[in-house]
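Enquirer: To be precise about what I am sending: the file is called work_18.cif and holds mmCIF, C-alpha atoms.
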data_protein
loop_
_atom_site.label_atom_id
_atom_site.label_comp_id
_atom_site.auth_asym_id
_atom_site.auth_seq_id
_atom_site.Cartn_x
_atom_site.Cartn_y
_atom_site.Cartn_z
CA MET A 1 10.28 -14.27 13.97
CA THR A 2 7.18 -14.65 11.86
CA GLU A 3 5.04 -17.70 11.29
CA PRO A 4 4.32 -18.97 7.76
CA THR A 5 1.78 -16.75 6.06
CA THR A 6 -1.70 -17.88 5.12
CA LYS A 7 -3.71 -16.46 2.25
CA LEU A 8 -5.93 -13.56 3.28
CA ALA A 9 -9.23 -12.73 1.62
CA THR A 10 -9.18 -9.56 -0.48
CA PRO A 11 -11.81 -7.11 0.77
CA THR A 12 -13.63 -4.64 -1.48
CA LEU A 13 -13.14 -1.20 0.07
CA VAL A 14 -15.56 1.49 -1.09
CA GLY A 15 -15.73 5.19 -0.34
CA ARG A 16 -17.22 8.28 -1.93
CA HIS A 17 -14.23 8.92 -4.19
CA VAL A 18 -12.57 5.54 -4.62
CA ARG A 19 -13.16 1.81 -4.87
CA LEU A 20 -10.45 -0.75 -4.15
CA GLU A 21 -11.16 -4.24 -5.40
CA ALA A 22 -9.24 -7.46 -6.01
CA LEU A 23 -6.62 -7.22 -8.74
CA GLU A 24 -7.24 -9.56 -11.68
CA ALA A 25 -5.17 -10.59 -14.70
CA GLY A 26 -7.64 -8.84 -17.00
CA HIS A 27 -6.83 -5.46 -15.44
CA ALA A 28 -3.40 -5.18 -17.06
CA ALA A 29 -4.43 -3.21 -20.15
CA ALA A 30 -6.47 -0.69 -18.15
CA LEU A 31 -3.62 -0.26 -15.66
CA LEU A 32 -1.22 0.46 -18.52
CA ALA A 33 -3.63 3.05 -19.94
CA ALA A 34 -3.83 4.74 -16.52
CA ALA A 35 -0.05 4.82 -16.21
CA ASP A 36 0.37 6.19 -19.73
CA GLU A 37 -1.80 9.26 -19.06
CA SER A 38 1.48 10.78 -17.84
CA ARG A 39 4.61 9.11 -16.51
CA THR A 40 6.25 12.25 -15.13
CA THR A 41 5.81 11.26 -11.46
CA TYR A 42 7.21 7.71 -11.71
CA ALA A 43 10.90 8.60 -11.45
CA PHE A 44 11.32 6.61 -8.22
CA THR A 45 8.44 4.14 -8.71
CA PHE A 46 8.47 1.04 -10.88
CA VAL A 47 5.42 1.19 -13.17
CA PRO A 48 5.65 -1.00 -16.30
CA ALA A 49 5.67 0.88 -19.59
CA ASP A 50 4.36 -1.81 -21.97
CA LEU A 51 1.61 -4.41 -21.92
CA ALA A 52 3.93 -7.40 -21.52
CA GLY A 53 5.58 -5.73 -18.56
CA MET A 54 2.25 -4.85 -16.96
CA GLU A 55 0.93 -8.38 -17.47
CA ALA A 56 4.05 -9.75 -15.76
CA TYR A 57 3.65 -7.19 -12.95
CA VAL A 58 0.06 -8.31 -12.35
CA ALA A 59 0.96 -12.00 -12.61
CA THR A 60 3.65 -11.59 -9.96
CA ALA A 61 1.20 -9.81 -7.64
CA LEU A 62 -1.35 -12.59 -8.08
CA ALA A 63 1.25 -15.28 -7.42
CA GLU A 64 2.22 -13.50 -4.21
CA ARG A 65 -1.46 -13.28 -3.28
CA ASP A 66 -1.92 -17.00 -3.78
CA ALA A 67 1.16 -17.67 -1.64
CA GLY A 68 -0.27 -15.52 1.18
CA GLN A 69 2.43 -12.88 0.73
CA SER A 70 0.29 -9.94 -0.40
CA VAL A 71 -3.25 -8.65 -0.94
CA PRO A 72 -3.21 -6.66 -4.22
CA PHE A 73 -5.88 -4.19 -5.31
CA VAL A 74 -6.85 -2.30 -8.42
CA VAL A 75 -7.95 1.28 -7.70
CA ARG A 76 -11.02 2.78 -9.40
CA ASP A 77 -12.25 6.37 -9.31
CA ALA A 78 -15.85 7.37 -8.57
CA ALA A 79 -16.79 6.84 -12.23
CA GLY A 80 -15.40 3.29 -12.19
CA ALA A 81 -12.26 3.96 -14.24
CA ILE A 82 -9.09 2.14 -13.22
CA VAL A 83 -6.56 4.71 -12.03
CA GLY A 84 -3.85 2.69 -10.28
CA SER A 85 -2.90 -0.13 -7.99
CA THR A 86 -1.84 -0.77 -4.40
CA ARG A 87 -1.45 -3.73 -2.06
CA PHE A 88 -0.96 -5.02 1.44
CA MET A 89 2.39 -6.81 1.54
CA CYS A 90 5.10 -8.03 3.91
CA ILE A 91 2.33 -9.71 5.92
CA GLU A 92 3.64 -10.67 9.36
CA HIS A 93 2.25 -13.30 11.72
CA TRP A 94 4.57 -13.21 14.72
CA THR A 95 5.83 -16.19 16.70
CA TRP A 96 5.69 -15.56 20.44
CA PHE A 97 8.18 -17.13 22.82
CA GLY A 98 6.33 -18.53 25.80
CA GLY A 99 3.10 -17.27 27.33
CA ALA A 100 0.23 -15.42 25.72
CA PRO A 101 0.97 -12.42 23.49
CA PRO A 102 0.11 -9.01 24.92
CA PRO A 103 -3.36 -7.62 24.14
CA PRO A 104 -5.09 -6.43 22.12
CA LEU A 105 -4.78 -9.52 19.96
CA PRO A 106 -4.91 -9.07 16.18
CA GLU A 107 -7.68 -10.83 14.27
CA GLY A 108 -5.43 -11.10 11.22
CA PRO A 109 -1.73 -10.36 10.73
CA ASP A 110 0.36 -8.75 13.46
CA ALA A 111 1.75 -6.22 10.97
CA VAL A 112 1.48 -5.32 7.29
CA GLU A 113 3.00 -2.96 4.79
CA ILE A 114 1.09 -0.80 2.31
CA GLY A 115 3.14 -0.62 -0.86
CA PHE A 116 3.44 -0.91 -4.64
CA THR A 117 1.12 2.12 -4.72
CA TRP A 118 0.87 4.23 -7.83
CA TYR A 119 -1.86 6.33 -9.43
CA ALA A 120 -2.57 8.06 -12.70
CA GLU A 121 -1.23 11.59 -12.39
CA ARG A 122 -4.70 13.17 -12.57
CA VAL A 123 -5.79 11.61 -9.25
CA GLN A 124 -2.58 12.15 -7.30
CA ARG A 125 -2.97 14.54 -4.34
CA THR A 126 -6.75 14.35 -4.59
CA ALA A 127 -9.50 13.12 -2.28
CA LEU A 128 -9.25 9.74 -4.02
CA ASN A 129 -5.71 9.22 -2.75
CA THR A 130 -6.58 10.38 0.77
CA GLU A 131 -9.65 8.17 0.96
CA ALA A 132 -7.77 5.14 -0.38
CA LYS A 133 -5.25 5.47 2.46
CA LEU A 134 -8.10 5.89 4.97
CA LEU A 135 -9.83 2.73 3.74
CA LEU A 136 -6.64 0.66 3.73
CA CYS A 137 -5.55 1.78 7.18
CA ARG A 138 -9.03 1.35 8.59
CA HIS A 139 -9.14 -2.23 7.32
CA ALA A 140 -5.68 -2.97 8.70
CA PHE A 141 -6.21 -1.40 12.12
CA GLU A 142 -9.94 -1.94 12.68
CA THR A 143 -10.71 -5.23 10.89
CA TRP A 144 -7.43 -7.11 11.14
CA LYS A 145 -6.40 -5.12 14.26
CA VAL A 146 -2.74 -5.10 13.28
CA ARG A 147 -0.14 -3.73 15.63
CA ARG A 148 1.75 -1.80 12.94
CA VAL A 149 1.44 -0.59 9.35
CA THR A 150 4.66 0.10 7.43
CA TRP A 151 5.43 2.20 4.35
CA LYS A 152 8.73 2.28 2.46
CA THR A 153 9.93 4.64 -0.25
CA ASP A 154 13.11 5.63 -2.05
CA SER A 155 14.89 8.06 0.26
CA ARG A 156 15.25 10.52 -2.66
CA ASN A 157 11.50 10.64 -3.21
CA GLU A 158 10.68 13.74 -1.18
CA ARG A 159 7.14 13.91 -2.53
CA SER A 160 6.35 10.36 -1.40
CA ARG A 161 8.03 10.87 1.97
CA ALA A 162 5.98 14.01 2.61
CA ALA A 163 2.76 12.21 1.62
CA ILE A 164 3.47 9.34 4.01
CA ALA A 165 4.30 11.74 6.83
CA ARG A 166 1.00 13.58 6.25
CA LEU A 167 -0.82 10.34 7.03
CA GLY A 168 0.58 10.48 10.55
CA ALA A 169 3.27 7.84 10.01
CA LYS A 170 6.63 8.29 11.71
CA LEU A 171 10.02 8.02 10.03
CA ASP A 172 11.82 5.03 11.54
CA GLY A 173 15.05 5.64 9.66
CA ILE A 174 16.87 5.14 6.37
CA LEU A 175 18.40 1.82 5.40
CA ARG A 176 21.36 2.67 3.19
CA ALA A 177 22.08 0.69 0.02
CA HIS A 178 18.91 -1.29 0.64
CA ARG A 179 18.05 -2.58 -2.83
CA ALA A 180 18.07 -1.91 -6.57
CA ALA A 181 16.14 1.24 -7.46
CA SER A 182 13.63 1.64 -10.29
CA ASP A 183 16.18 3.84 -12.15
CA ASN A 184 18.82 1.08 -11.98
CA THR A 185 20.83 2.74 -9.21
CA VAL A 186 21.42 1.55 -5.65
CA ARG A 187 18.50 2.67 -3.51
CA SER A 188 18.51 3.76 0.10
CA THR A 189 15.05 3.30 1.58
CA ALA A 190 13.13 5.49 4.04
CA PHE A 191 11.07 3.35 6.44
CA PHE A 192 7.89 4.75 8.02
CA SER A 193 5.43 3.16 10.42
CA MET A 194 2.18 3.80 12.24
CA LEU A 195 1.23 1.92 15.42
CA ALA A 196 -2.24 0.85 16.46
CA GLU A 197 -2.34 3.42 19.25
CA GLU A 198 -1.47 6.18 16.76
CA TRP A 199 -4.26 5.29 14.35
CA PRO A 200 -7.22 7.07 16.06
CA SER A 201 -5.48 10.44 15.78
CA ALA A 202 -4.35 9.75 12.21
CA ARG A 203 -7.88 8.66 11.28
CA GLN A 204 -9.34 11.92 12.58
CA ASN A 205 -6.81 13.86 10.50
CA LEU A 206 -7.63 11.90 7.34
CA VAL A 207 -11.37 12.35 7.85
CA ARG A 208 -10.83 16.08 8.43
CA ARG A 209 -8.80 16.35 5.20
CA LEU A 210 -11.56 14.57 3.27
CA GLY A 211 -14.11 17.02 4.64
CA ARG A 212 -12.36 20.06 3.26
#
Reformat the file's structure so that it appears as structure tokens.
Expert:
Amino acid sequence: MTEPTTKLATPTLVGRHVRLEALEAGHAAALLAAADESRTTYAFTFVPADLAGMEAYVATALAERDAGQSVPFVVRDAAGAIVGSTRFMCIEHWTWFGGAPPPPLPEGPDAVEIGFTWYAERVQRTALNTEAKLLLCRHAFETWKVRRVTWKTDSRNERSRAAIARLGAKLDGILRAHRAASDNTVRSTAFFSMLAEEWPSARQNLVRRLGR
């Protein structure tokens, strides 16, 4: 069981290659421009294709933020250009049944998911993407001290599954016929997770990849 969620502050996460800051309604046009650089990699990812759709997408994310259900970000490159979006979501505050919960105790949620992530094609598989994941995971594990971070992706999306696995996340399994897919088919979803005790090793790997 999880307790009712409370709204979390949106941090600004800054690295050498990327800046993640709070998503705002005024970002919709720039997000659409980033998506329209090339849409060839969005086969299994829902990324709105017109301004009205992107405005609705942003409005939904902000409503979820205000309800304490997500922490959405806009992603900027080193030059300050908007190149995509991501968010913390499925924020879990667990209810414990009798006695104190086992340590170490989180200072925020017990668990979160990183999702709704997409980038302009030109920054995919670059240091920006790697550093964004490092910053998000570091905030989740080292600031909030969560017990688990989750990722989900369409089971057909081999590129996304490989990218998640490279982070050090483990495949938990595939939930068949999980939900509607972005291509209007029935989607089976691959679930991945990383635990707090697995983060130090994963962090070292991400830092090593950034240093190459």
Enquirer: Counting only C-alpha atoms, which residues come within 12 Å of (0.5, 11.3, 2.9), with the point read in the file's coordinates, and could you list them as an NGL selection string?
Expert: :A and (117 or 124-127 or 129-134 or 151 or 153 or 158-170 or 192 or 202 or 205-206 or 209)
Enquirer: Could you expand the PyMOL selection byres ((chain A and resi 72-77) around 6) into the explicit residues it covers here, written as a ChimeraX atom specification?
Expert: /A:18-23,71,78-87
Enquirer: How about saving the chosen residues, C-alpha atoms kept, as a PDB file, keeping the file's coordinate frame?
Expert:
ATOM      1  CA  VAL A  18     -12.570   5.540  -4.620  1.00  0.00           C
ATOM      2  CA  ARG A  19     -13.160   1.810  -4.870  1.00  0.00           C
ATOM      3  CA  LEU A  20     -10.450  -0.750  -4.150  1.00  0.00           C
ATOM      4  CA  GLU A  21     -11.160  -4.240  -5.400  1.00  0.00           C
ATOM      5  CA  ALA A  22      -9.240  -7.460  -6.010  1.00  0.00           C
ATOM      6  CA  LEU A  23      -6.620  -7.220  -8.740  1.00  0.00           C
ATOM      7  CA  VAL A  71      -3.250  -8.650  -0.940  1.00  0.00           C
ATOM      8  CA  ALA A  78     -15.850   7.370  -8.570  1.00  0.00           C
ATOM      9  CA  ALA A  79     -16.790   6.840 -12.230  1.00  0.00           C
ATOM     10  CA  GLY A  80     -15.400   3.290 -12.190  1.00  0.00           C
ATOM     11  CA  ALA A  81     -12.260   3.960 -14.240  1.00  0.00           C
ATOM     12  CA  ILE A  82      -9.090   2.140 -13.220  1.00  0.00           C
ATOM     13  CA  VAL A  83      -6.560   4.710 -12.030  1.00  0.00           C
ATOM     14  CA  GLY A  84      -3.850   2.690 -10.280  1.00  0.00           C
ATOM     15  CA  SER A  85      -2.900  -0.130  -7.990  1.00  0.00           C
ATOM     16  CA  THR A  86      -1.840  -0.770  -4.400  1.00  0.00           C
ATOM     17  CA  ARG A  87      -1.450  -3.730  -2.060  1.00  0.00           C
TER      18      ARG A  87
END
Enquirer: For the file shown, what are the residues hit by the PyMOL selection byres ((chain A and resi 88-92) around 8), laid out as number ranges by chain?
Expert: A: 2-3, 5, 68-72, 86-87, 93-94, 109-115
Enquirer: Give me the residues within 10 Å of Glu107 in chain A as a count of residues only, counting all atoms listed in the file and dropping any in the same chain fewer than 5 places off.
Expert: 7
Enquirer: To one decimal in Å, tell me the separation between CA of Ser182 in chain A and CA of Thr45 in chain A.
Expert: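 Between these atoms lies a distance of 6.0 Å.
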Enquirer: Would you work out the distance separating CA of Ala190 in chain A from CA of Leu175 in chain A, expressed in Å to one decimal?
Expert: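 It comes out at 6.6 Å.
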Enquirer: Enter the distance from CA of Glu55 in chain A to CA of Ala35 in chain A, in Å, rounded to one decimal.
Expert: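 Computing it gives 13.3 Å between the two atoms.
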Enquirer: Taking into account all atoms listed in the file, which residue in the set A:Ala43, A:Val14, A:Ala67, A:Ala120 is nearest to Leu31 in chain A?
Expert: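 The answer is A:Ala120, which sits nearest to Leu31 in chain A.
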Enquirer: A:Val186, A:Cys137, A:Ala9, A:Ala181: which is nearest Trp199 in chain A, counting only C-alpha atoms?
Expert: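 Selected residue with least distance to Trp199 in chain A: A:Cys137.
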Enquirer: Please write as a ChimeraX atom specification the full residue list that the PyMOL selection byres ((chain A and resi 26-28) around 9) yields on this file.
Expert: /A:23-25,29-33,51-52,54-58,74,82
Enquirer: Would you put the residues from that selection into a file with C-alpha atoms, as an mmCIF file, in the frame of the given file?
Expert:
data_model
loop_
_atom_site.group_PDB
_atom_site.id
_atom_site.type_symbol
_atom_site.label_atom_id
_atom_site.label_comp_id
_atom_site.auth_asym_id
_atom_site.auth_seq_id
_atom_site.Cartn_x
_atom_site.Cartn_y
_atom_site.Cartn_z
ATOM 1 C CA LEU A 23 -6.620 -7.220 -8.740
ATOM 2 C CA GLU A 24 -7.240 -9.560 -11.680
ATOM 3 C CA ALA A 25 -5.170 -10.590 -14.700
ATOM 4 C CA ALA A 29 -4.430 -3.210 -20.150
ATOM 5 C CA ALA A 30 -6.470 -0.690 -18.150
ATOM 6 C CA LEU A 31 -3.620 -0.260 -15.660
ATOM 7 C CA LEU A 32 -1.220 0.460 -18.520
ATOM 8 C CA ALA A 33 -3.630 3.050 -19.940
ATOM 9 C CA LEU A 51 1.610 -4.410 -21.920
ATOM 10 C CA ALA A 52 3.930 -7.400 -21.520
ATOM 11 C CA MET A 54 2.250 -4.850 -16.960
ATOM 12 C CA GLU A 55 0.930 -8.380 -17.470
ATOM 13 C CA ALA A 56 4.050 -9.750 -15.760
ATOM 14 C CA TYR A 57 3.650 -7.190 -12.950
ATOM 15 C CA VAL A 58 0.060 -8.310 -12.350
ATOM 16 C CA VAL A 74 -6.850 -2.300 -8.420
ATOM 17 C CA ILE A 82 -9.090 2.140 -13.220
#
